[in-house]
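Data from protein-v8.txt: compact mmCIF, N, CA and C atoms and all ligand atoms
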```txt
# COMPACT_ATOMS: atom_id res chain seq x y z
N MET A 1 14.73 -3.98 25.94
CA MET A 1 15.00 -5.10 25.03
C MET A 1 14.72 -6.41 25.74
N SER A 2 14.10 -7.37 25.04
CA SER A 2 13.77 -8.62 25.69
C SER A 2 14.96 -9.58 25.70
N GLU A 3 14.77 -10.64 26.44
CA GLU A 3 15.82 -11.65 26.65
C GLU A 3 16.26 -12.29 25.32
N LEU A 4 17.54 -12.61 25.23
CA LEU A 4 18.04 -13.26 24.02
C LEU A 4 17.71 -14.74 24.06
N VAL A 5 17.27 -15.28 22.95
CA VAL A 5 16.92 -16.70 22.85
C VAL A 5 17.76 -17.31 21.73
N ARG A 6 18.29 -18.49 21.96
CA ARG A 6 19.06 -19.18 20.91
C ARG A 6 18.13 -20.18 20.22
N PHE A 7 18.27 -20.30 18.92
CA PHE A 7 17.48 -21.30 18.21
C PHE A 7 18.30 -21.85 17.04
N GLY A 8 17.98 -23.05 16.63
CA GLY A 8 18.70 -23.69 15.53
C GLY A 8 17.95 -23.50 14.23
N VAL A 9 18.69 -23.39 13.14
CA VAL A 9 18.07 -23.22 11.83
C VAL A 9 18.72 -24.22 10.86
N SER A 10 17.91 -24.91 10.08
CA SER A 10 18.46 -25.80 9.06
C SER A 10 18.31 -25.12 7.71
N LEU A 11 19.37 -25.10 6.93
CA LEU A 11 19.24 -24.58 5.57
C LEU A 11 20.30 -25.19 4.67
N GLU A 12 20.10 -25.04 3.39
CA GLU A 12 20.99 -25.63 2.41
C GLU A 12 22.40 -25.06 2.57
N GLN A 13 23.39 -25.95 2.33
CA GLN A 13 24.81 -25.58 2.46
C GLN A 13 25.17 -24.35 1.61
N ASP A 14 24.71 -24.36 0.33
CA ASP A 14 25.10 -23.24 -0.54
C ASP A 14 24.44 -21.92 -0.12
N LEU A 15 23.22 -22.04 0.44
CA LEU A 15 22.55 -20.82 0.91
C LEU A 15 23.32 -20.25 2.12
N LEU A 16 23.76 -21.13 3.00
CA LEU A 16 24.54 -20.70 4.17
C LEU A 16 25.87 -20.07 3.73
N GLU A 17 26.50 -20.68 2.73
CA GLU A 17 27.78 -20.13 2.25
C GLU A 17 27.58 -18.74 1.66
N ALA A 18 26.51 -18.60 0.90
CA ALA A 18 26.22 -17.29 0.30
C ALA A 18 25.94 -16.25 1.40
N PHE A 19 25.21 -16.69 2.45
CA PHE A 19 24.88 -15.80 3.56
C PHE A 19 26.16 -15.40 4.31
N ASP A 20 27.02 -16.40 4.56
CA ASP A 20 28.26 -16.11 5.26
C ASP A 20 29.16 -15.15 4.49
N SER A 21 29.15 -15.30 3.17
CA SER A 21 30.01 -14.39 2.41
C SER A 21 29.40 -12.99 2.39
N LEU A 22 28.06 -12.90 2.45
CA LEU A 22 27.40 -11.59 2.58
C LEU A 22 27.78 -10.95 3.92
N CYS A 23 27.74 -11.75 4.99
CA CYS A 23 28.10 -11.26 6.32
C CYS A 23 29.53 -10.73 6.31
N GLU A 24 30.42 -11.47 5.62
CA GLU A 24 31.82 -11.08 5.56
C GLU A 24 31.98 -9.75 4.83
N ARG A 25 31.28 -9.62 3.70
CA ARG A 25 31.37 -8.36 2.94
C ARG A 25 30.83 -7.20 3.76
N ARG A 26 29.82 -7.47 4.57
CA ARG A 26 29.23 -6.39 5.37
C ARG A 26 29.85 -6.28 6.75
N GLU A 27 30.86 -7.09 6.99
CA GLU A 27 31.53 -7.11 8.29
C GLU A 27 30.53 -7.23 9.42
N SER A 28 29.63 -8.19 9.24
CA SER A 28 28.56 -8.39 10.21
C SER A 28 28.61 -9.83 10.71
N LYS A 29 28.26 -10.00 11.98
CA LYS A 29 28.20 -11.37 12.52
C LYS A 29 26.88 -12.01 12.06
N ARG A 30 26.90 -13.35 11.99
CA ARG A 30 25.70 -14.07 11.55
C ARG A 30 24.45 -13.65 12.32
N SER A 31 24.55 -13.66 13.66
CA SER A 31 23.37 -13.34 14.48
C SER A 31 22.84 -11.95 14.16
N GLU A 32 23.76 -10.99 14.03
CA GLU A 32 23.34 -9.62 13.77
C GLU A 32 22.68 -9.53 12.39
N ALA A 33 23.25 -10.23 11.42
CA ALA A 33 22.71 -10.20 10.06
C ALA A 33 21.32 -10.84 10.02
N ILE A 34 21.13 -11.91 10.77
CA ILE A 34 19.81 -12.57 10.80
C ILE A 34 18.79 -11.65 11.47
N ARG A 35 19.20 -11.00 12.57
CA ARG A 35 18.29 -10.05 13.24
C ARG A 35 17.86 -8.96 12.26
N HIS A 36 18.84 -8.45 11.51
CA HIS A 36 18.58 -7.38 10.56
C HIS A 36 17.57 -7.84 9.50
N CYS A 37 17.76 -9.06 8.97
CA CYS A 37 16.84 -9.60 7.95
C CYS A 37 15.43 -9.73 8.52
N ILE A 38 15.34 -10.26 9.73
CA ILE A 38 14.01 -10.46 10.34
C ILE A 38 13.32 -9.12 10.55
N ARG A 39 14.07 -8.14 11.11
CA ARG A 39 13.47 -6.81 11.36
C ARG A 39 13.00 -6.18 10.05
N ARG A 40 13.82 -6.33 9.01
CA ARG A 40 13.46 -5.72 7.73
C ARG A 40 12.20 -6.37 7.14
N GLU A 41 12.12 -7.68 7.23
CA GLU A 41 10.93 -8.38 6.72
C GLU A 41 9.68 -7.98 7.50
N LEU A 42 9.82 -7.86 8.83
CA LEU A 42 8.67 -7.47 9.65
C LEU A 42 8.22 -6.05 9.30
N ALA A 43 9.20 -5.16 9.12
CA ALA A 43 8.88 -3.77 8.77
C ALA A 43 8.22 -3.71 7.40
N GLU A 44 8.72 -4.52 6.45
CA GLU A 44 8.13 -4.59 5.10
C GLU A 44 6.67 -4.98 5.17
N GLU A 45 6.38 -5.94 6.05
CA GLU A 45 5.01 -6.43 6.16
C GLU A 45 4.10 -5.32 6.69
N VAL A 46 4.61 -4.56 7.67
CA VAL A 46 3.81 -3.45 8.22
C VAL A 46 3.48 -2.46 7.11
N LEU A 47 4.46 -2.23 6.19
CA LEU A 47 4.27 -1.26 5.10
C LEU A 47 3.12 -1.63 4.17
N THR A 48 2.76 -2.91 4.12
CA THR A 48 1.68 -3.32 3.24
C THR A 48 0.31 -2.93 3.80
N ASP A 49 0.29 -2.53 5.08
CA ASP A 49 -0.96 -2.07 5.68
C ASP A 49 -1.13 -0.58 5.33
N PRO A 50 -2.17 -0.22 4.56
CA PRO A 50 -2.32 1.18 4.14
C PRO A 50 -2.41 2.17 5.30
N ASN A 51 -2.83 1.68 6.48
CA ASN A 51 -2.97 2.58 7.63
C ASN A 51 -1.72 2.66 8.51
N ALA A 52 -0.69 1.89 8.19
CA ALA A 52 0.52 1.89 9.01
C ALA A 52 1.18 3.27 8.99
N SER A 53 1.77 3.66 10.11
CA SER A 53 2.51 4.93 10.15
C SER A 53 3.89 4.69 9.54
N VAL A 54 4.22 5.49 8.56
CA VAL A 54 5.52 5.33 7.91
C VAL A 54 6.24 6.67 7.83
N ALA A 55 7.55 6.60 7.65
CA ALA A 55 8.36 7.79 7.42
C ALA A 55 9.43 7.39 6.43
N GLY A 56 9.92 8.36 5.69
CA GLY A 56 10.96 8.03 4.73
C GLY A 56 11.41 9.24 3.96
N VAL A 57 12.20 8.98 2.96
CA VAL A 57 12.77 10.06 2.17
C VAL A 57 12.48 9.83 0.69
N LEU A 58 12.01 10.88 0.05
CA LEU A 58 11.81 10.86 -1.39
C LEU A 58 12.84 11.80 -1.99
N THR A 59 13.58 11.32 -2.96
CA THR A 59 14.60 12.15 -3.61
C THR A 59 14.25 12.31 -5.08
N LEU A 60 14.26 13.54 -5.54
CA LEU A 60 13.97 13.82 -6.95
C LEU A 60 15.13 14.57 -7.55
N MET A 61 15.46 14.24 -8.80
CA MET A 61 16.45 15.02 -9.52
C MET A 61 15.75 15.62 -10.72
N PHE A 62 15.92 16.89 -10.94
CA PHE A 62 15.26 17.54 -12.08
C PHE A 62 16.06 18.74 -12.55
N ASP A 63 15.70 19.19 -13.75
CA ASP A 63 16.35 20.34 -14.34
C ASP A 63 15.51 21.57 -13.99
N HIS A 64 16.10 22.52 -13.31
CA HIS A 64 15.25 23.64 -12.85
C HIS A 64 14.90 24.61 -13.98
N HIS A 65 15.53 24.41 -15.15
CA HIS A 65 15.15 25.23 -16.31
C HIS A 65 13.91 24.65 -16.98
N ASP A 66 13.57 23.41 -16.56
CA ASP A 66 12.48 22.70 -17.22
C ASP A 66 11.12 23.29 -16.85
N SER A 67 10.58 24.04 -17.78
CA SER A 67 9.25 24.65 -17.66
C SER A 67 8.90 25.10 -16.24
N ASP A 68 7.74 24.64 -15.76
CA ASP A 68 7.25 25.11 -14.47
C ASP A 68 7.40 24.05 -13.38
N LEU A 69 8.28 23.06 -13.62
CA LEU A 69 8.41 21.96 -12.67
C LEU A 69 8.74 22.40 -11.23
N PRO A 70 9.75 23.27 -11.03
CA PRO A 70 10.05 23.65 -9.64
C PRO A 70 8.83 24.23 -8.92
N GLY A 71 8.07 25.04 -9.62
CA GLY A 71 6.87 25.65 -9.04
C GLY A 71 5.81 24.61 -8.72
N ARG A 72 5.63 23.67 -9.65
CA ARG A 72 4.63 22.61 -9.42
C ARG A 72 5.02 21.74 -8.24
N LEU A 73 6.33 21.42 -8.15
CA LEU A 73 6.78 20.59 -7.02
C LEU A 73 6.54 21.31 -5.69
N THR A 74 6.81 22.61 -5.68
CA THR A 74 6.60 23.39 -4.46
C THR A 74 5.12 23.40 -4.09
N SER A 75 4.25 23.59 -5.09
CA SER A 75 2.81 23.60 -4.82
C SER A 75 2.34 22.27 -4.25
N LEU A 76 2.82 21.18 -4.87
CA LEU A 76 2.41 19.85 -4.39
C LEU A 76 2.85 19.64 -2.93
N GLN A 77 4.05 20.15 -2.61
CA GLN A 77 4.54 20.00 -1.23
C GLN A 77 3.73 20.85 -0.26
N HIS A 78 3.33 22.05 -0.70
CA HIS A 78 2.51 22.90 0.18
C HIS A 78 1.14 22.26 0.42
N GLU A 79 0.59 21.68 -0.64
CA GLU A 79 -0.73 21.02 -0.50
C GLU A 79 -0.67 19.87 0.50
N ALA A 80 0.51 19.25 0.60
CA ALA A 80 0.66 18.09 1.50
C ALA A 80 1.59 18.44 2.65
N HIS A 81 1.48 19.68 3.16
CA HIS A 81 2.42 20.16 4.18
C HIS A 81 2.42 19.31 5.45
N ASP A 82 1.30 18.62 5.72
CA ASP A 82 1.26 17.78 6.92
C ASP A 82 2.11 16.52 6.75
N MET A 83 2.37 16.13 5.51
CA MET A 83 3.18 14.93 5.26
C MET A 83 4.62 15.26 4.91
N VAL A 84 4.85 16.43 4.35
CA VAL A 84 6.23 16.81 3.98
C VAL A 84 6.84 17.52 5.18
N ILE A 85 7.65 16.80 5.96
CA ILE A 85 8.10 17.39 7.22
C ILE A 85 9.43 18.13 7.09
N ALA A 86 10.16 17.88 6.03
CA ALA A 86 11.40 18.63 5.80
C ALA A 86 11.80 18.49 4.34
N THR A 87 12.45 19.50 3.81
CA THR A 87 12.92 19.46 2.43
C THR A 87 14.34 20.00 2.36
N MET A 88 15.18 19.34 1.59
CA MET A 88 16.53 19.84 1.36
C MET A 88 16.73 19.97 -0.14
N HIS A 89 17.14 21.13 -0.56
CA HIS A 89 17.35 21.36 -1.99
C HIS A 89 18.84 21.56 -2.24
N VAL A 90 19.37 20.80 -3.17
CA VAL A 90 20.80 20.92 -3.52
C VAL A 90 20.90 21.32 -4.98
N HIS A 91 21.66 22.36 -5.29
CA HIS A 91 21.89 22.74 -6.68
C HIS A 91 23.09 21.94 -7.15
N LEU A 92 22.84 20.86 -7.88
CA LEU A 92 23.91 19.93 -8.27
C LEU A 92 24.92 20.56 -9.22
N ASP A 93 24.41 21.26 -10.20
CA ASP A 93 25.27 21.96 -11.15
C ASP A 93 24.45 23.12 -11.71
N GLU A 94 24.83 23.65 -12.86
CA GLU A 94 24.11 24.82 -13.37
C GLU A 94 22.66 24.53 -13.75
N HIS A 95 22.37 23.25 -14.04
CA HIS A 95 21.03 22.91 -14.50
C HIS A 95 20.22 22.06 -13.51
N ARG A 96 20.92 21.08 -12.95
CA ARG A 96 20.18 20.06 -12.20
C ARG A 96 20.07 20.35 -10.71
N CYS A 97 18.91 19.98 -10.18
CA CYS A 97 18.65 20.13 -8.76
C CYS A 97 18.34 18.75 -8.17
N LEU A 98 18.71 18.59 -6.92
CA LEU A 98 18.36 17.38 -6.19
C LEU A 98 17.53 17.84 -5.00
N GLU A 99 16.32 17.29 -4.89
CA GLU A 99 15.47 17.67 -3.77
C GLU A 99 15.13 16.43 -2.96
N ALA A 100 15.47 16.47 -1.68
CA ALA A 100 15.19 15.33 -0.80
C ALA A 100 14.12 15.77 0.20
N MET A 101 13.04 15.02 0.27
CA MET A 101 11.94 15.35 1.17
C MET A 101 11.74 14.27 2.21
N ALA A 102 11.66 14.66 3.46
CA ALA A 102 11.32 13.69 4.50
C ALA A 102 9.81 13.68 4.58
N LEU A 103 9.24 12.49 4.45
CA LEU A 103 7.78 12.35 4.45
C LEU A 103 7.35 11.53 5.65
N ARG A 104 6.16 11.83 6.13
CA ARG A 104 5.64 11.07 7.25
C ARG A 104 4.12 11.03 7.18
N GLY A 105 3.53 9.87 7.45
CA GLY A 105 2.08 9.76 7.40
C GLY A 105 1.67 8.31 7.28
N SER A 106 0.46 8.08 6.81
CA SER A 106 0.01 6.70 6.64
C SER A 106 0.63 6.15 5.36
N ALA A 107 0.85 4.84 5.32
CA ALA A 107 1.51 4.21 4.18
C ALA A 107 0.81 4.57 2.87
N ALA A 108 -0.53 4.53 2.87
CA ALA A 108 -1.28 4.79 1.65
C ALA A 108 -1.10 6.23 1.18
N GLU A 109 -1.25 7.18 2.12
CA GLU A 109 -1.17 8.60 1.73
C GLU A 109 0.23 9.00 1.30
N VAL A 110 1.24 8.52 2.06
CA VAL A 110 2.62 8.86 1.73
C VAL A 110 3.00 8.26 0.37
N SER A 111 2.59 7.02 0.11
CA SER A 111 2.91 6.39 -1.18
C SER A 111 2.25 7.15 -2.33
N ARG A 112 1.00 7.56 -2.10
CA ARG A 112 0.27 8.29 -3.15
C ARG A 112 0.99 9.61 -3.45
N LEU A 113 1.39 10.32 -2.38
CA LEU A 113 2.10 11.59 -2.56
C LEU A 113 3.43 11.38 -3.28
N ALA A 114 4.18 10.36 -2.85
CA ALA A 114 5.49 10.08 -3.45
C ALA A 114 5.32 9.76 -4.94
N ASP A 115 4.30 8.97 -5.28
CA ASP A 115 4.06 8.62 -6.68
C ASP A 115 3.73 9.87 -7.50
N LYS A 116 2.91 10.75 -6.90
CA LYS A 116 2.51 11.97 -7.60
C LYS A 116 3.73 12.86 -7.87
N LEU A 117 4.60 13.02 -6.85
CA LEU A 117 5.77 13.88 -7.00
C LEU A 117 6.78 13.30 -8.00
N ARG A 118 7.03 11.98 -7.90
CA ARG A 118 8.07 11.42 -8.75
C ARG A 118 7.60 11.25 -10.19
N SER A 119 6.27 11.26 -10.41
CA SER A 119 5.81 11.13 -11.79
C SER A 119 5.52 12.48 -12.42
N ALA A 120 5.84 13.57 -11.70
CA ALA A 120 5.64 14.91 -12.27
C ALA A 120 6.50 15.02 -13.53
N ARG A 121 5.91 15.59 -14.58
CA ARG A 121 6.62 15.70 -15.84
C ARG A 121 7.89 16.52 -15.67
N GLY A 122 9.02 15.99 -16.13
CA GLY A 122 10.28 16.72 -16.02
C GLY A 122 11.23 16.15 -14.97
N VAL A 123 10.70 15.28 -14.09
CA VAL A 123 11.57 14.66 -13.09
C VAL A 123 12.49 13.67 -13.81
N LEU A 124 13.80 13.83 -13.64
CA LEU A 124 14.76 13.00 -14.37
C LEU A 124 15.00 11.66 -13.67
N GLN A 125 15.12 11.71 -12.35
CA GLN A 125 15.35 10.48 -11.58
C GLN A 125 14.72 10.64 -10.22
N SER A 126 14.36 9.50 -9.62
CA SER A 126 13.79 9.58 -8.28
C SER A 126 14.07 8.29 -7.52
N SER A 127 14.04 8.41 -6.21
CA SER A 127 14.11 7.20 -5.39
C SER A 127 13.29 7.47 -4.14
N CYS A 128 12.72 6.42 -3.60
CA CYS A 128 11.89 6.59 -2.42
C CYS A 128 12.16 5.44 -1.46
N SER A 129 12.39 5.78 -0.23
CA SER A 129 12.63 4.74 0.77
C SER A 129 11.75 5.02 1.99
N LEU A 130 10.83 4.11 2.26
CA LEU A 130 9.91 4.29 3.39
C LEU A 130 10.15 3.20 4.41
N THR A 131 9.93 3.54 5.66
CA THR A 131 10.04 2.53 6.70
C THR A 131 8.90 2.69 7.69
N ALA A 132 8.51 1.60 8.30
CA ALA A 132 7.43 1.65 9.29
C ALA A 132 7.99 2.30 10.55
N ILE A 133 7.22 3.20 11.17
CA ILE A 133 7.74 3.84 12.37
C ILE A 133 7.04 3.38 13.63
N GLU A 134 6.10 2.47 13.48
CA GLU A 134 5.54 1.89 14.69
C GLU A 134 6.10 0.48 14.76
N SER A 135 6.39 0.02 15.94
CA SER A 135 6.98 -1.31 16.04
C SER A 135 5.93 -2.34 15.68
N VAL A 136 6.39 -3.52 15.32
CA VAL A 136 5.47 -4.58 14.96
C VAL A 136 4.58 -4.92 16.14
N HIS A 137 5.18 -4.84 17.34
CA HIS A 137 4.41 -5.15 18.55
C HIS A 137 3.26 -4.16 18.72
N GLU A 138 3.62 -2.86 18.64
CA GLU A 138 2.59 -1.82 18.79
C GLU A 138 1.52 -1.98 17.72
N HIS A 139 2.02 -2.31 16.51
CA HIS A 139 1.12 -2.46 15.37
C HIS A 139 0.10 -3.57 15.64
N GLY A 140 0.62 -4.72 16.04
CA GLY A 140 -0.25 -5.85 16.33
C GLY A 140 -1.24 -5.50 17.42
N HIS A 141 -0.74 -4.76 18.41
CA HIS A 141 -1.54 -4.37 19.55
C HIS A 141 -2.74 -3.52 19.14
N GLN A 142 -2.44 -2.54 18.26
CA GLN A 142 -3.47 -1.64 17.79
C GLN A 142 -4.63 -2.41 17.16
N HIS A 143 -4.24 -3.40 16.36
CA HIS A 143 -5.26 -4.21 15.69
C HIS A 143 -6.10 -5.00 16.69
N CYS A 144 -5.40 -5.51 17.74
CA CYS A 144 -6.12 -6.27 18.78
C CYS A 144 -7.17 -5.35 19.41
N THR A 145 -6.74 -4.11 19.71
CA THR A 145 -7.64 -3.16 20.37
C THR A 145 -8.83 -2.85 19.46
N GLU A 146 -8.49 -2.61 18.17
CA GLU A 146 -9.54 -2.29 17.21
C GLU A 146 -10.56 -3.42 17.12
N GLU A 147 -10.03 -4.64 17.12
CA GLU A 147 -10.92 -5.79 16.99
C GLU A 147 -11.85 -5.96 18.18
N LYS A 148 -11.31 -5.58 19.36
CA LYS A 148 -12.11 -5.73 20.58
C LYS A 148 -13.28 -4.75 20.64
N GLN A 149 -13.05 -3.55 20.05
CA GLN A 149 -14.08 -2.50 20.15
C GLN A 149 -15.35 -2.85 19.38
NI NI B 201 18.46 24.01 -7.53
```
Would you write out, as structure tokens, the structure that this file holds?
Ligand code: NI
Amino acid sequence: MSELVRFGVSLEQDLLEAFDSLCERRESKRSEAIRHCIRRELAEEVLTDPNASVAGVLTLMFDHHDSDLPGRLTSLQHEAHDMVIATMHVHLDEHRCLEAMALRGSAAEVSRLADKLRSARGVLQSSCSLTAIESVHEHGHQHCTEEKQ
């Protein structure tokens, strides 16, 4: 970890009050909350690069009595076995299933796969959370190297 640096920030009073009350609700100190915001924004930016390495979880809820959906979902996962690194299936009740898949790959490919799975006919609900797995520094570095070649 690099050296800590202090810096001053000017912002509107009401924005600071809203931020402080957020920190209070999250039981977080201002500095830690600001670090978290900065890291999240940097990671978000990396995600916009289609070639960025990302990992995340896709969760689908569906009715397993619904036609051939379970079979189709399994086939789609087998076709993309290099990106689907783990799957957890939960039988929520007599009808509904919750399937959580850990995905890993390039931002473009993982997003395409997630969209395909969550838009499969019969999926009742879905959520997808992806994060960049290469640091911003490494990311920037890679581009520098690519540009030099
Ligand atoms: Ni089930």
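Remark: for Ser75 of chain A, the closest of the candidate residues A:Leu124, A:Val9, A:Leu117, A:Met88 is A:Leu117 (distances computed over only C-alpha atoms).
Among the candidates A:Met101, A:Asp82, A:Phe62, A:Leu76, the one nearest to ligand NI 201 (chain B) when counting only N, CA and C atoms and all ligand atoms is A:Phe62.
Closest approach to ligand NI 201 (chain B) among A:Val54, A:Val46, A:Cys97, A:Phe7 is made by A:Cys97 (distances from all atoms listed in the file).
Proximity ranking of A:Ala100, A:Ala33, A:Leu58, A:Leu47 relative to Ser127 of chain A places A:Leu58 first, based on only N, CA and C atoms.
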Determine, for each residue of chain A having at least one atom at most 7 Å from an atom of ligand NI 201 (chain B), the closest pair of atoms and their separation in Å to one decimal, counting all atoms listed in the file; order by chain and ascending number, as a tab-separated table.
```
residue	atom	partner	partner_atom	distance
A:His64	CA	B:NI201	NI	6.2
A:His89	C	B:NI201	NI	5.8
A:Val90	C	B:NI201	NI	4.4
A:His91	CA	B:NI201	NI	3.8
A:Leu92	N	B:NI201	NI	5.4
A:His95	C	B:NI201	NI	6.5
A:Arg96	C	B:NI201	NI	5.1
A:Cys97	CA	B:NI201	NI	4.1
A:Leu98	N	B:NI201	NI	5.5
```
So the first atom is atom C of Thr48 of chain A and the second is atom CA of Val110 of chain A; what is the distance between them in Å, to one decimal place? 12.2 Å
Identify, with DSSP run on backbone atoms, the residues in segment 36-143 of chain A assigned to alpha helix (DSSP H), and express the list as a short mmCIF file (atom, residue, chain, number, x, y, z; two decimals) with N, CA and C atoms, in the frame of the given file.
```cif
data_model
loop_
_atom_site.label_atom_id
_atom_site.label_comp_id
_atom_site.auth_asym_id
_atom_site.auth_seq_id
_atom_site.Cartn_x
_atom_site.Cartn_y
_atom_site.Cartn_z
N HIS A 36 18.84 -8.45 11.51
CA HIS A 36 18.58 -7.38 10.56
C HIS A 36 17.57 -7.84 9.50
N CYS A 37 17.76 -9.06 8.97
CA CYS A 37 16.84 -9.60 7.95
C CYS A 37 15.43 -9.73 8.52
N ILE A 38 15.34 -10.26 9.73
CA ILE A 38 14.01 -10.46 10.34
C ILE A 38 13.32 -9.12 10.55
N ARG A 39 14.07 -8.14 11.11
CA ARG A 39 13.47 -6.81 11.36
C ARG A 39 13.00 -6.18 10.05
N ARG A 40 13.82 -6.33 9.01
CA ARG A 40 13.46 -5.72 7.73
C ARG A 40 12.20 -6.37 7.14
N GLU A 41 12.12 -7.68 7.23
CA GLU A 41 10.93 -8.38 6.72
C GLU A 41 9.68 -7.98 7.50
N LEU A 42 9.82 -7.86 8.83
CA LEU A 42 8.67 -7.47 9.65
C LEU A 42 8.22 -6.05 9.30
N ALA A 43 9.20 -5.16 9.12
CA ALA A 43 8.88 -3.77 8.77
C ALA A 43 8.22 -3.71 7.40
N GLU A 44 8.72 -4.52 6.45
CA GLU A 44 8.13 -4.59 5.10
C GLU A 44 6.67 -4.98 5.17
N GLU A 45 6.38 -5.94 6.05
CA GLU A 45 5.01 -6.43 6.16
C GLU A 45 4.10 -5.32 6.69
N VAL A 46 4.61 -4.56 7.67
CA VAL A 46 3.81 -3.45 8.22
C VAL A 46 3.48 -2.46 7.11
N LEU A 47 4.46 -2.23 6.19
CA LEU A 47 4.27 -1.26 5.10
C LEU A 47 3.12 -1.63 4.17
N LEU A 69 8.28 23.06 -13.62
CA LEU A 69 8.41 21.96 -12.67
C LEU A 69 8.74 22.40 -11.23
N PRO A 70 9.75 23.27 -11.03
CA PRO A 70 10.05 23.65 -9.64
C PRO A 70 8.83 24.23 -8.92
N GLY A 71 8.07 25.04 -9.62
CA GLY A 71 6.87 25.65 -9.04
C GLY A 71 5.81 24.61 -8.72
N ARG A 72 5.63 23.67 -9.65
CA ARG A 72 4.63 22.61 -9.42
C ARG A 72 5.02 21.74 -8.24
N LEU A 73 6.33 21.42 -8.15
CA LEU A 73 6.78 20.59 -7.02
C LEU A 73 6.54 21.31 -5.69
N THR A 74 6.81 22.61 -5.68
CA THR A 74 6.60 23.39 -4.46
C THR A 74 5.12 23.40 -4.09
N SER A 75 4.25 23.59 -5.09
CA SER A 75 2.81 23.60 -4.82
C SER A 75 2.34 22.27 -4.25
N LEU A 76 2.82 21.18 -4.87
CA LEU A 76 2.41 19.85 -4.39
C LEU A 76 2.85 19.64 -2.93
N GLN A 77 4.05 20.15 -2.61
CA GLN A 77 4.54 20.00 -1.23
C GLN A 77 3.73 20.85 -0.26
N HIS A 78 3.33 22.05 -0.70
CA HIS A 78 2.51 22.90 0.18
C HIS A 78 1.14 22.26 0.42
N GLU A 79 0.59 21.68 -0.64
CA GLU A 79 -0.73 21.02 -0.50
C GLU A 79 -0.67 19.87 0.50
N ALA A 107 0.85 4.84 5.32
CA ALA A 107 1.51 4.21 4.18
C ALA A 107 0.81 4.57 2.87
N ALA A 108 -0.53 4.53 2.87
CA ALA A 108 -1.28 4.79 1.65
C ALA A 108 -1.10 6.23 1.18
N GLU A 109 -1.25 7.18 2.12
CA GLU A 109 -1.17 8.60 1.73
C GLU A 109 0.23 9.00 1.30
N VAL A 110 1.24 8.52 2.06
CA VAL A 110 2.62 8.86 1.73
C VAL A 110 3.00 8.26 0.37
N SER A 111 2.59 7.02 0.11
CA SER A 111 2.91 6.39 -1.18
C SER A 111 2.25 7.15 -2.33
N ARG A 112 1.00 7.56 -2.10
CA ARG A 112 0.27 8.29 -3.15
C ARG A 112 0.99 9.61 -3.45
N LEU A 113 1.39 10.32 -2.38
CA LEU A 113 2.10 11.59 -2.56
C LEU A 113 3.43 11.38 -3.28
N ALA A 114 4.18 10.36 -2.85
CA ALA A 114 5.49 10.08 -3.45
C ALA A 114 5.32 9.76 -4.94
N ASP A 115 4.30 8.97 -5.28
CA ASP A 115 4.06 8.62 -6.68
C ASP A 115 3.73 9.87 -7.50
N LYS A 116 2.91 10.75 -6.90
CA LYS A 116 2.51 11.97 -7.60
C LYS A 116 3.73 12.86 -7.87
N LEU A 117 4.60 13.02 -6.85
CA LEU A 117 5.77 13.88 -7.00
C LEU A 117 6.78 13.30 -8.00
N ARG A 118 7.03 11.98 -7.90
CA ARG A 118 8.07 11.42 -8.75
C ARG A 118 7.60 11.25 -10.19
N VAL A 136 6.39 -3.52 15.32
CA VAL A 136 5.47 -4.58 14.96
C VAL A 136 4.58 -4.92 16.14
N HIS A 137 5.18 -4.84 17.34
CA HIS A 137 4.41 -5.15 18.55
C HIS A 137 3.26 -4.16 18.72
N GLU A 138 3.62 -2.86 18.64
CA GLU A 138 2.59 -1.82 18.79
C GLU A 138 1.52 -1.98 17.72
N HIS A 139 2.02 -2.31 16.51
CA HIS A 139 1.12 -2.46 15.37
C HIS A 139 0.10 -3.57 15.64
N GLY A 140 0.62 -4.72 16.04
CA GLY A 140 -0.25 -5.85 16.33
C GLY A 140 -1.24 -5.50 17.42
N HIS A 141 -0.74 -4.76 18.41
CA HIS A 141 -1.54 -4.37 19.55
C HIS A 141 -2.74 -3.52 19.14
N GLN A 142 -2.44 -2.54 18.26
CA GLN A 142 -3.47 -1.64 17.79
C GLN A 142 -4.63 -2.41 17.16
N HIS A 143 -4.24 -3.40 16.36
CA HIS A 143 -5.26 -4.21 15.69
C HIS A 143 -6.10 -5.00 16.69
#
```
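For the pair atom CA of Glu41 of chain A and atom CA of Glu99 of chain A, the interatomic distance is 28.4 Å.
You will find atom CA of Glu134 of chain A at 9.7 Å from atom N of Ala43 of chain A.
With distances restricted to all atoms listed in the file, A:Cys128 is the closest residue to Ala114 of chain A from A:Cys128, A:His78, A:Lys29, A:Gly71.
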Val84 of chain A: which residues within 6 Å, counting all atoms listed in the file, same-chain residues fewer than 3 positions away excluded, as a VMD selection string? chain A and resid 80 to 81 102 to 104
Those of chain A in DSSP strand (DSSP E), formatted as a PyMOL selection string: chain A and resi 53-63+84-91+96-106+123-132
Could you list, as a PDB file with N, CA and C atoms, in the frame of the given file, every residue within 9 Å of Ser111 of chain A, counting only C-alpha atoms and ignoring same-chain residues fewer than 5 positions away?
```
ATOM      1  N   SER A 106       0.460   8.080   6.810  1.00  0.00           N
ATOM      2  CA  SER A 106       0.010   6.700   6.640  1.00  0.00           C
ATOM      3  C   SER A 106       0.630   6.150   5.360  1.00  0.00           C
ATOM      4  N   LYS A 116       2.910  10.750  -6.900  1.00  0.00           N
ATOM      5  CA  LYS A 116       2.510  11.970  -7.600  1.00  0.00           C
ATOM      6  C   LYS A 116       3.730  12.860  -7.870  1.00  0.00           C
ATOM      7  N   LEU A 130      10.830   4.110   2.260  1.00  0.00           N
ATOM      8  CA  LEU A 130       9.910   4.290   3.390  1.00  0.00           C
ATOM      9  C   LEU A 130      10.150   3.200   4.410  1.00  0.00           C
TER      10      LEU A 130
END
```
